[in-house]
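Trainee: My questions will all concern the structure given below.
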Amino acid sequence: MNKQKTLIGLLIGSALLLAACGGGSGSDQQDNTEGGKVLQVSYPSWWEDWFKDLEKDFEAANEGVDVELIPLYDDTTTKQAIMMQSKDTAPDVAIEDTFILNSDVNAGYLSSLDDFVNNWDDWSNIEETTKEGVKGEDGSIYGVPFSTDVQGLWYDKKIFDQAGISVPFEPTNWQDILDAAEKVHAANKETIPLFLYATKSTGEATSMRTFQVLYSGTGSELYDWEAGKWVIDENALTDTFTFIQDVYQNDLGPSMSVASNSQIGTMLAEDYMQNGGVAMVIDGNWVSGSWREGRAKPWLDALDTWDFIPFPTQTGKDPKYTSMSGGWAFSIPKQADNKALAEKFIQMAVDEEHQLGYVTQTGDMTVRTDVAKNEEYLNQPVSNYKEAGEILQYSHFRPAVDDYPTVSTHIQEVVESVASGNATPEQAVKAYHAGLERIVGADNIMKK
Amino acid sequence: MQNHQNRPQKRKTKNRQMFKQAAWFLTPSLLLLLIFFIGPIIMTLFFSFTNLSLTGVAAQNIQFVGFQNFVQLFKDPKFFSSFKNTLIFLLFSGIIGQQVLGFLLAVLMKNKHKAFRKIVGGTVMAGWVTPELIVAIIFVSFLHDGGTLNRFMAGLQLQPISWLFTFPMVSVVVANIWQGSALSMLMFQSALDGIPNDIEDAAKIDGATAWQRMWKITIPMIKSTIFTNLVIITLSTLGVFTLLYTMTGGGPSGATSTLPVLMYEQAFVNYQLGYGTAISLIILGIGIILSLGYIRLLKTED
């Protein structure tokens with residue numbers, strides 16, 4: 001009896017101690033953030049330069065405010081979600097990828113910005129279409145958009161010339177692109193004819209820039225908003241996977257070890273594309289941004305060699321072209337300590353001056369209507385905003401539903417199995433269907 | 001009667017005192033166990049029966065879903081391929097690779113010159129003291145397309161091979177053996193040093209061959225070390241994540257995706273924390289079953 005009592009006492013004692021430890025560290029943290037005027041801003045690390053500029057400008061304009069930058073390296077959405085769960089770790093300003101924004105709203109991580117944007121004149125200068133992407137299912141606004149992009153086809157005019165393909169290249173269907181890749185391959189075995197992101201290690205790029213760009217060109221859709229169900233369209237899926245197979249299994253694409261390098265995006269812009277290593281790439285309009293002055297490997301004459309054109313639909317049927325767009329937004333976590341200051345920060349970050357600075361530094365497209373007309377924006381060196389702006393009308397967005405991240409990972413796996421030759425397009429369709437059923441349940445799938 | 005009752009009573013009081021004393025000394029370690037070991041296990045057990053998610057409705061509204069995670073797991077072909085990969089990785093890199101290589105090193109170094117032991121031992125230890133992440137990076141730069149090995153092969157007029165794609169499992173197994181063999185070597189060294197020389201000498205005089213001495217004397221005498229080592233290696237190999245994730249990311253096409261890699265993906269890439277904890281529970285289960293198996297094997301051998 002007594003032994004038991006002692007043991008129980010010990011257990012309870014330790015539990016209490018545990019609780020005390022937890023409470024202690026929590027209150028410390030809070031004091032820290034409320035005492036000084038600290039504004040915590042978390043952001044993906046690839047925007048380091050721009051956020052450093054913002055920090056400087058915001059501190060200069062607001063005396064006594066200390067902006068604390070929290071760069072996130074890799075798995076940014078995951079880390080930010082974990083941070084937003086607790087008052088101790090939640091930043092005051094968070095950066096949301098629009099495909100995950102709705103899920104984060106459903107998770108209760110974000111505050112509604114309705115009052116903020118309704119009393120803010122500058123809000124009307126932001127492109128209406130991008131505002132759709134930051135609306136929660138309840139109709140409230142949860143983010144302030146600051147960046148968007150389009151995907152298209154990059155091609156090397158010089159390599160095309162040498163391969164005997166007429167420039168400018170104006171493909172009207174997928175076959176035109178495969179034919180061009182064949183010709184490049186016949187003329188030059190050292191050059192990768194067509195690069196498609198096609199492995200799991202390139203993550204979301206594989207799902208969005210390859211699979212969804214192609215798939216949207218079949219005229220089908222991944223998710224039916226009216227029915228609220230995921231779509232299985234066997235013909236569209238088979239055709240999409242067949243294109244990927246044609247590229248990878250006929251030596252028209254990169255080797256799997258090149259495609260599996262998680263840094264390949266950077267390597268393409270800084271090496272392969274600069275040295276005739278690749279003839280065509282399906283990628284974002286912002287690739288040219290990495291050739292500008294001040295970047296790791298500037299290449300100011302790049303656009304004499306590379307052209308950015310809209311990607312055709314499968315057979316060229318209307319609207320002739322297709323694209324996918326991503327987008328990023330500023331949000332304020334529900335657990336943020338300093339919401340008023342956060343609003344001020346966001347106002348400054350998306351004002352005309354800083355947005356011009358943003359697009360100059362990154363090569364992303366602007367979401368501001370006034371910047372979009374600005375001569376300085378349109379005539380920036382090493383930029384293709386006019387072309388990108390035209391592609392925007394053909395663009396599609398990813399289904400921003402809770403299951404999307406899991407489905408997207410599944411798509412990446414299936415695409416990789418096709419590219420590596422482990423699955424035929426027909427097997428891939430079956431695998432996609434089976435996986436989708438596991439993830440969302442058979443009730444939430446419709447056949448088309 | 002009086003006498004008889006008195007004695008156990010006294011012993012009882014003494015026992016109780018000793019227990020109290022022991023309890024005080026045990027408190028710190030019990031506390032640590034509770035905080036860092038038992039607590040998380042109980043939480044894991046709990047969360048594996050929920051739909052806990054990092055984002056989306058389920059992040060806010062966590063629900064008890066019974067065995068749904070496990071049902072889903074057993075329907076998922078990825079789970080079975082990861083399970084198989086885990087066992088292959090465990091068998092070849094841990095049980096066979098580290099154990100056998102460590103043993104061979106220890107045997108070959110026995111009774112050798114001190115300087116020799118120091119140099120060989122130090123070289124093997126280098127892998128052991130290097131952090132996992134660095135080991136992974138070393139092996140990637142050694143094995144990748146333009147890496148050291150392919151440069152070396154090109155020098156010998158051989159065709160380069162994409163090691164990490166053509167032989168992904170072999171690559172990670174070799175890397176793990178390279179890193180982990182030092183522990184086995186150290187354990188076996190001390191066990192071998194513990195075998196008195198006169199037993200071996202006696203066997204030698206009786207005409208036993210080196211092979212016979214190995215099987216009849218050395219191995220039976222270090223049996224308990226073999227089993228202890230087996231348990232340690234099994235548990236540490238089961239948990240290998242950094243090495244695999246950095247070298248191959250579980251690819252290509254899931255060829256090196258073990259259960260820890262799958263767990264990470266489900267929990268932190270797909271945001272399905274509940275599902276991820278269910279996988280971690282299975283890893284824990286495998287560890288427990290194997291350890292109990294070894295212990296039983298050791299007991300029946302005795």
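Here, A, B, ... name the chains of the structure tokens in the order displayed, residue numbers run from 1 inside each chain, and ligands are numbered from 1 in the same displayed order.
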So that I can see what lies close to Leu104 (chain B), please list as a PDB file with N, CA, C and O atoms, in the first residue's frame the residues with an atom at most 12 Å from it, counting only C-alpha atoms and leaving out residues fewer than 6 positions away in the same chain.
Mentor:
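Output (part.pdb):
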ATOM      1  N   ILE B  96      23.371  -6.741 -40.247  1.00  0.00           N
ATOM      2  CA  ILE B  96      24.499  -7.398 -40.911  1.00  0.00           C
ATOM      3  C   ILE B  96      25.696  -6.448 -41.017  1.00  0.00           C
ATOM      4  O   ILE B  96      26.779  -6.735 -40.516  1.00  0.00           O
ATOM      5  N   GLY B  97      25.481  -5.288 -41.630  1.00  0.00           N
ATOM      6  CA  GLY B  97      26.586  -4.386 -41.925  1.00  0.00           C
ATOM      7  C   GLY B  97      27.369  -3.930 -40.714  1.00  0.00           C
ATOM      8  O   GLY B  97      28.535  -4.299 -40.533  1.00  0.00           O
ATOM      9  N   GLN B  98      26.718  -3.165 -39.838  1.00  0.00           N
ATOM     10  CA  GLN B  98      27.438  -2.585 -38.698  1.00  0.00           C
ATOM     11  C   GLN B  98      27.943  -3.653 -37.749  1.00  0.00           C
ATOM     12  O   GLN B  98      29.060  -3.591 -37.254  1.00  0.00           O
ATOM     13  N   LYS B 110      42.634  -7.051 -32.641  1.00  0.00           N
ATOM     14  CA  LYS B 110      43.012  -7.641 -31.354  1.00  0.00           C
ATOM     15  C   LYS B 110      44.494  -8.030 -31.362  1.00  0.00           C
ATOM     16  O   LYS B 110      44.994  -8.592 -32.330  1.00  0.00           O
ATOM     17  N   SER B 181      29.472   1.772 -37.782  1.00  0.00           N
ATOM     18  CA  SER B 181      30.234   0.580 -37.392  1.00  0.00           C
ATOM     19  C   SER B 181      31.102   0.786 -36.158  1.00  0.00           C
ATOM     20  O   SER B 181      31.447  -0.177 -35.471  1.00  0.00           O
ATOM     21  N   ALA B 182      31.466   2.030 -35.868  1.00  0.00           N
ATOM     22  CA  ALA B 182      32.390   2.282 -34.762  1.00  0.00           C
ATOM     23  C   ALA B 182      31.830   1.802 -33.431  1.00  0.00           C
ATOM     24  O   ALA B 182      32.560   1.246 -32.611  1.00  0.00           O
ATOM     25  N   SER B 184      29.783  -0.716 -32.805  1.00  0.00           N
ATOM     26  CA  SER B 184      29.939  -2.165 -32.715  1.00  0.00           C
ATOM     27  C   SER B 184      31.397  -2.516 -32.464  1.00  0.00           C
ATOM     28  O   SER B 184      31.704  -3.385 -31.647  1.00  0.00           O
ATOM     29  N   MET B 185      32.284  -1.834 -33.172  1.00  0.00           N
ATOM     30  CA  MET B 185      33.707  -2.113 -33.008  1.00  0.00           C
ATOM     31  C   MET B 185      34.125  -1.908 -31.547  1.00  0.00           C
ATOM     32  O   MET B 185      34.778  -2.764 -30.952  1.00  0.00           O
ATOM     33  N   LEU B 186      33.713  -0.795 -30.965  1.00  0.00           N
ATOM     34  CA  LEU B 186      34.073  -0.499 -29.574  1.00  0.00           C
ATOM     35  C   LEU B 186      33.507  -1.559 -28.630  1.00  0.00           C
ATOM     36  O   LEU B 186      34.200  -2.048 -27.738  1.00  0.00           O
ATOM     37  N   MET B 187      32.243  -1.911 -28.839  1.00  0.00           N
ATOM     38  CA  MET B 187      31.617  -2.881 -27.949  1.00  0.00           C
ATOM     39  C   MET B 187      32.321  -4.225 -28.045  1.00  0.00           C
ATOM     40  O   MET B 187      32.587  -4.883 -27.038  1.00  0.00           O
ATOM     41  N   PHE B 188      32.614  -4.643 -29.287  1.00  0.00           N
ATOM     42  CA  PHE B 188      33.259  -5.942 -29.458  1.00  0.00           C
ATOM     43  C   PHE B 188      34.704  -5.909 -28.971  1.00  0.00           C
ATOM     44  O   PHE B 188      35.207  -6.903 -28.452  1.00  0.00           O
ATOM     45  N   GLN B 189      35.363  -4.796 -29.150  1.00  0.00           N
ATOM     46  CA  GLN B 189      36.738  -4.684 -28.653  1.00  0.00           C
ATOM     47  C   GLN B 189      36.792  -4.951 -27.160  1.00  0.00           C
ATOM     48  O   GLN B 189      37.603  -5.753 -26.684  1.00  0.00           O
ATOM     49  N   LEU B 192      36.027  -8.592 -26.448  1.00  0.00           N
ATOM     50  CA  LEU B 192      37.124  -9.502 -26.804  1.00  0.00           C
ATOM     51  C   LEU B 192      38.275  -9.371 -25.812  1.00  0.00           C
ATOM     52  O   LEU B 192      38.905 -10.360 -25.447  1.00  0.00           O
ATOM     53  N   MET B 214      37.198 -19.458 -32.803  1.00  0.00           N
ATOM     54  CA  MET B 214      36.226 -18.385 -33.011  1.00  0.00           C
ATOM     55  C   MET B 214      34.819 -18.851 -32.643  1.00  0.00           C
ATOM     56  O   MET B 214      34.097 -18.211 -31.890  1.00  0.00           O
TER      57      MET B 214
END
Trainee: Within 6 Å of chain B, which residues of chain A are there when counting only C-alpha atoms? Please give them as a list in words.
Mentor: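 Output check: Ser14, Ser103, Asp104, Asn106, Ala107, Asp402, Pro405, Thr406 and Ser417 of chain A.
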Trainee: For Ser82 (chain B), find every residue with an atom within 9 Å (counting only C-alpha atoms), except residues of its own chain fewer than 2 positions away, and show them as a list in words.
Mentor: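 Skipping anything fewer than 2 positions along the chain leaves Pro77, Lys78, Phe79, Phe80, Lys84, Asn85, Thr86, Leu87, Gly254, Ala255, Thr256, Ser257, Thr258, Leu259, Pro260, Val261 and Leu262 of chain B.
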Trainee: Using only C-alpha atoms, which residue out of A:Lys334, A:Lys52, A:Lys189, A:Lys320 lies closest to Gly253 (chain A)?
Mentor: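 The closest residue to Gly253 (chain A) is A:Lys189.
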Trainee: Neighbouring residues of Asn197 (chain B) were defined as those with any atom within 12 Å, considering only C-alpha atoms; residues of the same chain fewer than 2 positions away were excluded. Please report them as an MDAnalysis selection string.
Mentor: chainID B and resid 110:111 192:195 199:204 213 217:218
Trainee: Generate the output file for the selected residues, C-alpha atoms, as a compact mmCIF listing (two decimals), in the first residue's frame.
Mentor:
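And here's out.txt as it stands now:
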# COMPACT_ATOMS: atom_id res chain seq x y z
CA LYS B 110 43.01 -7.64 -31.35
CA ASN B 111 46.58 -8.04 -30.08
CA LEU B 192 37.12 -9.50 -26.80
CA ASP B 193 39.59 -7.94 -24.40
CA GLY B 194 37.57 -9.51 -21.61
CA ILE B 195 38.28 -13.06 -22.84
CA ILE B 199 41.50 -20.04 -22.48
CA GLU B 200 42.57 -19.39 -26.03
CA ASP B 201 46.06 -20.64 -25.30
CA ALA B 202 44.69 -23.86 -23.82
CA ALA B 203 42.53 -24.39 -26.89
CA LYS B 204 45.53 -23.74 -29.12
CA ARG B 213 38.40 -21.10 -31.49
CA ILE B 217 35.21 -19.93 -27.57
CA THR B 218 35.07 -16.35 -28.73
Trainee: As a PyMOL selection string, please: every residue in region 75-306 of chain A that DSSP puts in alpha helix (DSSP H).
Mentor: chain A and resi 76-84+98-106+114-118+128-132+157-162+174-187+204-205+213-216+234-249+256-259+264-270+302-305
Trainee: Could you jot down the CA of Met247 (chain B) to CA of Ile161 (chain B) separation for me, Å, one decimal place?
Mentor: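 It comes out at 16.0 Å.
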Trainee: Excluding region 164-174 of chain A and residues on its chain fewer than 3 positions from it, collect all residues at most 9 Å away from it, counting only C-alpha atoms, and give them as a short mmCIF file (atom, residue, chain, number, x, y, z; two decimals) with N, CA, C and O atoms, in the first residue's frame.
Mentor:
data_model
loop_
_atom_site.label_atom_id
_atom_site.label_comp_id
_atom_site.auth_asym_id
_atom_site.auth_seq_id
_atom_site.Cartn_x
_atom_site.Cartn_y
_atom_site.Cartn_z
N TYR A 155 11.97 29.35 -73.97
CA TYR A 155 12.77 28.60 -74.96
C TYR A 155 13.96 29.43 -75.41
O TYR A 155 13.94 30.65 -75.42
N LYS A 157 16.21 30.81 -78.06
CA LYS A 157 16.10 31.13 -79.50
C LYS A 157 17.32 30.65 -80.27
O LYS A 157 17.21 30.20 -81.41
N LYS A 158 18.49 30.74 -79.65
CA LYS A 158 19.71 30.37 -80.36
C LYS A 158 19.75 28.87 -80.64
O LYS A 158 20.11 28.43 -81.74
N ILE A 159 19.38 28.09 -79.61
CA ILE A 159 19.37 26.63 -79.82
C ILE A 159 18.32 26.26 -80.87
O ILE A 159 18.56 25.40 -81.72
N PHE A 160 17.18 26.93 -80.82
CA PHE A 160 16.12 26.66 -81.80
C PHE A 160 16.62 26.95 -83.21
O PHE A 160 16.39 26.19 -84.14
N ASP A 161 17.31 28.06 -83.36
CA ASP A 161 17.86 28.46 -84.64
C ASP A 161 18.78 27.37 -85.19
O ASP A 161 18.66 26.94 -86.33
N ILE A 177 5.22 21.17 -79.41
CA ILE A 177 6.31 21.25 -78.43
C ILE A 177 7.15 19.97 -78.46
O ILE A 177 8.38 20.02 -78.46
N LEU A 178 6.47 18.82 -78.58
CA LEU A 178 7.21 17.56 -78.67
C LEU A 178 8.05 17.52 -79.95
O LEU A 178 9.20 17.05 -79.94
N ASP A 179 7.48 18.02 -81.05
CA ASP A 179 8.22 18.04 -82.32
C ASP A 179 9.49 18.89 -82.19
O ASP A 179 10.56 18.50 -82.67
N ALA A 180 9.32 20.05 -81.57
CA ALA A 180 10.48 20.93 -81.39
C ALA A 180 11.53 20.23 -80.53
O ALA A 180 12.74 20.28 -80.83
N LYS A 183 13.47 17.80 -82.57
CA LYS A 183 14.43 18.44 -83.46
C LYS A 183 15.67 18.88 -82.68
O LYS A 183 16.80 18.72 -83.17
N VAL A 184 15.45 19.42 -81.50
CA VAL A 184 16.60 19.83 -80.69
C VAL A 184 17.45 18.61 -80.36
O VAL A 184 18.68 18.64 -80.47
N ALA A 187 19.51 17.47 -83.24
CA ALA A 187 20.60 18.37 -83.60
C ALA A 187 21.72 18.37 -82.57
O ALA A 187 22.88 18.62 -82.89
N LEU A 214 -0.22 21.30 -67.62
CA LEU A 214 -0.61 20.40 -68.70
C LEU A 214 -2.09 20.04 -68.58
O LEU A 214 -2.86 20.17 -69.52
N PHE A 243 2.04 12.74 -72.00
CA PHE A 243 2.97 13.81 -72.39
C PHE A 243 4.25 13.73 -71.56
O PHE A 243 5.36 13.80 -72.07
N ASP A 307 13.15 33.42 -74.64
CA ASP A 307 11.86 34.04 -74.85
C ASP A 307 10.84 33.34 -73.97
O ASP A 307 10.98 32.15 -73.70
N ILE A 309 6.86 32.48 -73.65
CA ILE A 309 5.62 32.49 -74.41
C ILE A 309 4.53 31.69 -73.70
O ILE A 309 4.83 30.84 -72.86
N PRO A 310 3.26 31.96 -74.04
CA PRO A 310 2.17 31.22 -73.38
C PRO A 310 2.19 29.75 -73.79
O PRO A 310 2.56 29.41 -74.91
N PHE A 311 1.81 28.90 -72.86
CA PHE A 311 1.81 27.46 -73.11
C PHE A 311 0.48 27.08 -73.75
O PHE A 311 -0.59 27.44 -73.26
N PRO A 312 0.53 26.32 -74.86
CA PRO A 312 -0.72 26.02 -75.57
C PRO A 312 -1.55 24.97 -74.85
O PRO A 312 -1.02 24.16 -74.08
N THR A 313 -2.86 24.97 -75.15
CA THR A 313 -3.69 23.88 -74.65
C THR A 313 -3.36 22.64 -75.47
O THR A 313 -2.68 22.71 -76.49
N GLN A 314 -3.87 21.49 -75.02
CA GLN A 314 -3.48 20.21 -75.60
C GLN A 314 -3.61 20.17 -77.12
O GLN A 314 -2.69 19.80 -77.84
N THR A 315 -4.80 20.55 -77.63
CA THR A 315 -5.02 20.45 -79.07
C THR A 315 -5.18 21.83 -79.69
O THR A 315 -5.51 21.94 -80.87
N GLY A 316 -4.97 22.83 -78.91
CA GLY A 316 -5.10 24.20 -79.43
C GLY A 316 -6.51 24.74 -79.35
O GLY A 316 -6.80 25.83 -79.84
N LYS A 317 -7.40 23.99 -78.69
CA LYS A 317 -8.77 24.50 -78.60
C LYS A 317 -8.84 25.69 -77.64
O LYS A 317 -7.97 25.88 -76.79
N LYS A 320 -7.04 28.58 -76.36
CA LYS A 320 -5.74 28.45 -77.02
C LYS A 320 -4.56 28.27 -76.06
O LYS A 320 -3.63 27.53 -76.34
N TYR A 321 -4.56 28.99 -74.97
CA TYR A 321 -3.42 28.90 -74.06
C TYR A 321 -3.87 28.60 -72.64
O TYR A 321 -5.05 28.75 -72.31
#
Trainee: Give me the residues within 6 Å of region 64-68 of chain A as a list in words, counting only C-alpha atoms and dropping any in the same chain fewer than 4 places off.
Mentor: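 The residues satisfying every condition are Lys37, Val38, Leu39, Gln40, Glu55 and Glu59 of chain A.
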Trainee: Report the distance between CA of Asp224 (chain A) and CA of Ala442 (chain A) in Å, rounded to one decimal place.
Mentor: 14.6 Å
Trainee: Restricting the calculation to only C-alpha atoms, which member of A:Val247, A:Val134, A:Met267, A:Val231 is positioned closest to Val407 (chain A)?
Mentor: A:Val231
Trainee: Residues of region 70-148 of chain A classed as strand (DSSP E or B) by DSSP on the backbone are to be reported as a short mmCIF file (atom, residue, chain, number, x, y, z; two decimals) with N, CA, C and O atoms, in the first residue's frame.
Mentor:
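Saved file result23.cif follows:
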data_model
loop_
_atom_site.label_atom_id
_atom_site.label_comp_id
_atom_site.auth_asym_id
_atom_site.auth_seq_id
_atom_site.Cartn_x
_atom_site.Cartn_y
_atom_site.Cartn_z
N ILE A 70 11.94 37.05 -39.04
CA ILE A 70 12.10 35.61 -38.78
C ILE A 70 12.08 34.88 -40.12
O ILE A 70 11.03 34.52 -40.64
N PRO A 71 13.28 34.71 -40.72
CA PRO A 71 13.29 34.01 -42.01
C PRO A 71 13.02 32.52 -41.84
O PRO A 71 13.49 31.92 -40.88
N LEU A 72 12.24 31.94 -42.72
CA LEU A 72 11.95 30.51 -42.65
C LEU A 72 12.61 29.82 -43.83
O LEU A 72 12.42 30.21 -44.98
N VAL A 93 3.17 39.44 -38.29
CA VAL A 93 2.85 39.43 -39.71
C VAL A 93 3.31 38.08 -40.26
O VAL A 93 4.44 37.66 -40.03
N ALA A 94 2.41 37.40 -40.98
CA ALA A 94 2.76 36.12 -41.57
C ALA A 94 2.60 36.21 -43.08
O ALA A 94 1.83 37.03 -43.57
N ILE A 95 3.36 35.39 -43.80
CA ILE A 95 3.24 35.37 -45.25
C ILE A 95 2.54 34.07 -45.65
O ILE A 95 2.99 32.99 -45.30
N GLU A 96 1.42 34.20 -46.37
CA GLU A 96 0.64 33.02 -46.72
C GLU A 96 0.72 32.76 -48.22
O GLU A 96 0.49 33.66 -49.03
N ASP A 97 1.01 31.52 -48.57
CA ASP A 97 0.87 31.08 -49.94
C ASP A 97 -0.63 30.93 -50.15
O ASP A 97 -1.30 30.29 -49.34
N LEU A 110 -5.80 32.62 -38.65
CA LEU A 110 -5.69 33.98 -39.17
C LEU A 110 -6.84 34.87 -38.70
O LEU A 110 -7.96 34.41 -38.49
N ILE A 126 -5.55 47.36 -55.52
CA ILE A 126 -5.11 45.98 -55.70
C ILE A 126 -6.07 45.25 -56.63
O ILE A 126 -7.29 45.37 -56.52
N LYS A 135 -9.85 35.40 -49.97
CA LYS A 135 -11.14 35.38 -49.30
C LYS A 135 -11.36 34.02 -48.68
O LYS A 135 -11.10 32.99 -49.30
N ILE A 141 -12.07 38.79 -45.77
CA ILE A 141 -10.72 38.89 -46.32
C ILE A 141 -9.72 38.48 -45.23
O ILE A 141 -9.81 38.93 -44.09
N VAL A 144 -3.61 40.22 -47.56
CA VAL A 144 -3.41 41.30 -48.52
C VAL A 144 -2.42 40.79 -49.56
O VAL A 144 -1.26 40.56 -49.25
N PRO A 145 -2.89 40.58 -50.81
CA PRO A 145 -2.01 40.01 -51.83
C PRO A 145 -0.84 40.93 -52.13
O PRO A 145 -1.00 42.16 -52.08
N PHE A 146 0.32 40.36 -52.42
CA PHE A 146 1.43 41.23 -52.82
C PHE A 146 2.25 40.64 -53.97
O PHE A 146 3.20 41.26 -54.43
N SER A 147 1.89 39.47 -54.43
CA SER A 147 2.71 38.88 -55.48
C SER A 147 1.92 37.83 -56.23
O SER A 147 1.12 37.10 -55.66
N THR A 148 2.14 37.77 -57.53
CA THR A 148 1.55 36.68 -58.29
C THR A 148 2.50 36.33 -59.43
O THR A 148 3.52 37.01 -59.62
#
Trainee: Please provide the set of residues having any atom within 10 Å of Glu293 (chain A), restricted to only C-alpha atoms, with same-chain residues fewer than 4 positions apart removed, written as a PDB file with C-alpha atoms, in the first residue's frame.
Mentor:
ATOM      1  CA  GLY A 289      14.273  38.074 -62.265  1.00  0.00           C
ATOM      2  CA  LYS A 297      24.555  35.189 -61.511  1.00  0.00           C
ATOM      3  CA  PRO A 298      23.331  38.256 -63.401  1.00  0.00           C
ATOM      4  CA  TRP A 299      22.848  37.928 -67.164  1.00  0.00           C
ATOM      5  CA  LEU A 300      21.597  41.212 -68.491  1.00  0.00           C
ATOM      6  CA  THR A 360      12.245  44.932 -59.349  1.00  0.00           C
ATOM      7  CA  GLN A 361      14.042  42.678 -56.908  1.00  0.00           C
ATOM      8  CA  PRO A 381      15.643  45.472 -67.722  1.00  0.00           C
ATOM      9  CA  VAL A 382      15.496  41.669 -68.068  1.00  0.00           C
TER      10      VAL A 382
END
Trainee: May I ask for the distance between CA of Ser288 (chain A) and CA of Gly363 (chain A), given in Å to one decimal place?
Mentor: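 That distance, rounded to one decimal, is 6.5 Å.
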Trainee: Determine the nearest neighbour of Glu190 (chain A) from the options A:Asn275, A:Gln412, A:Thr242, A:Ser220, counting only C-alpha atoms.
Mentor: A:Asn275
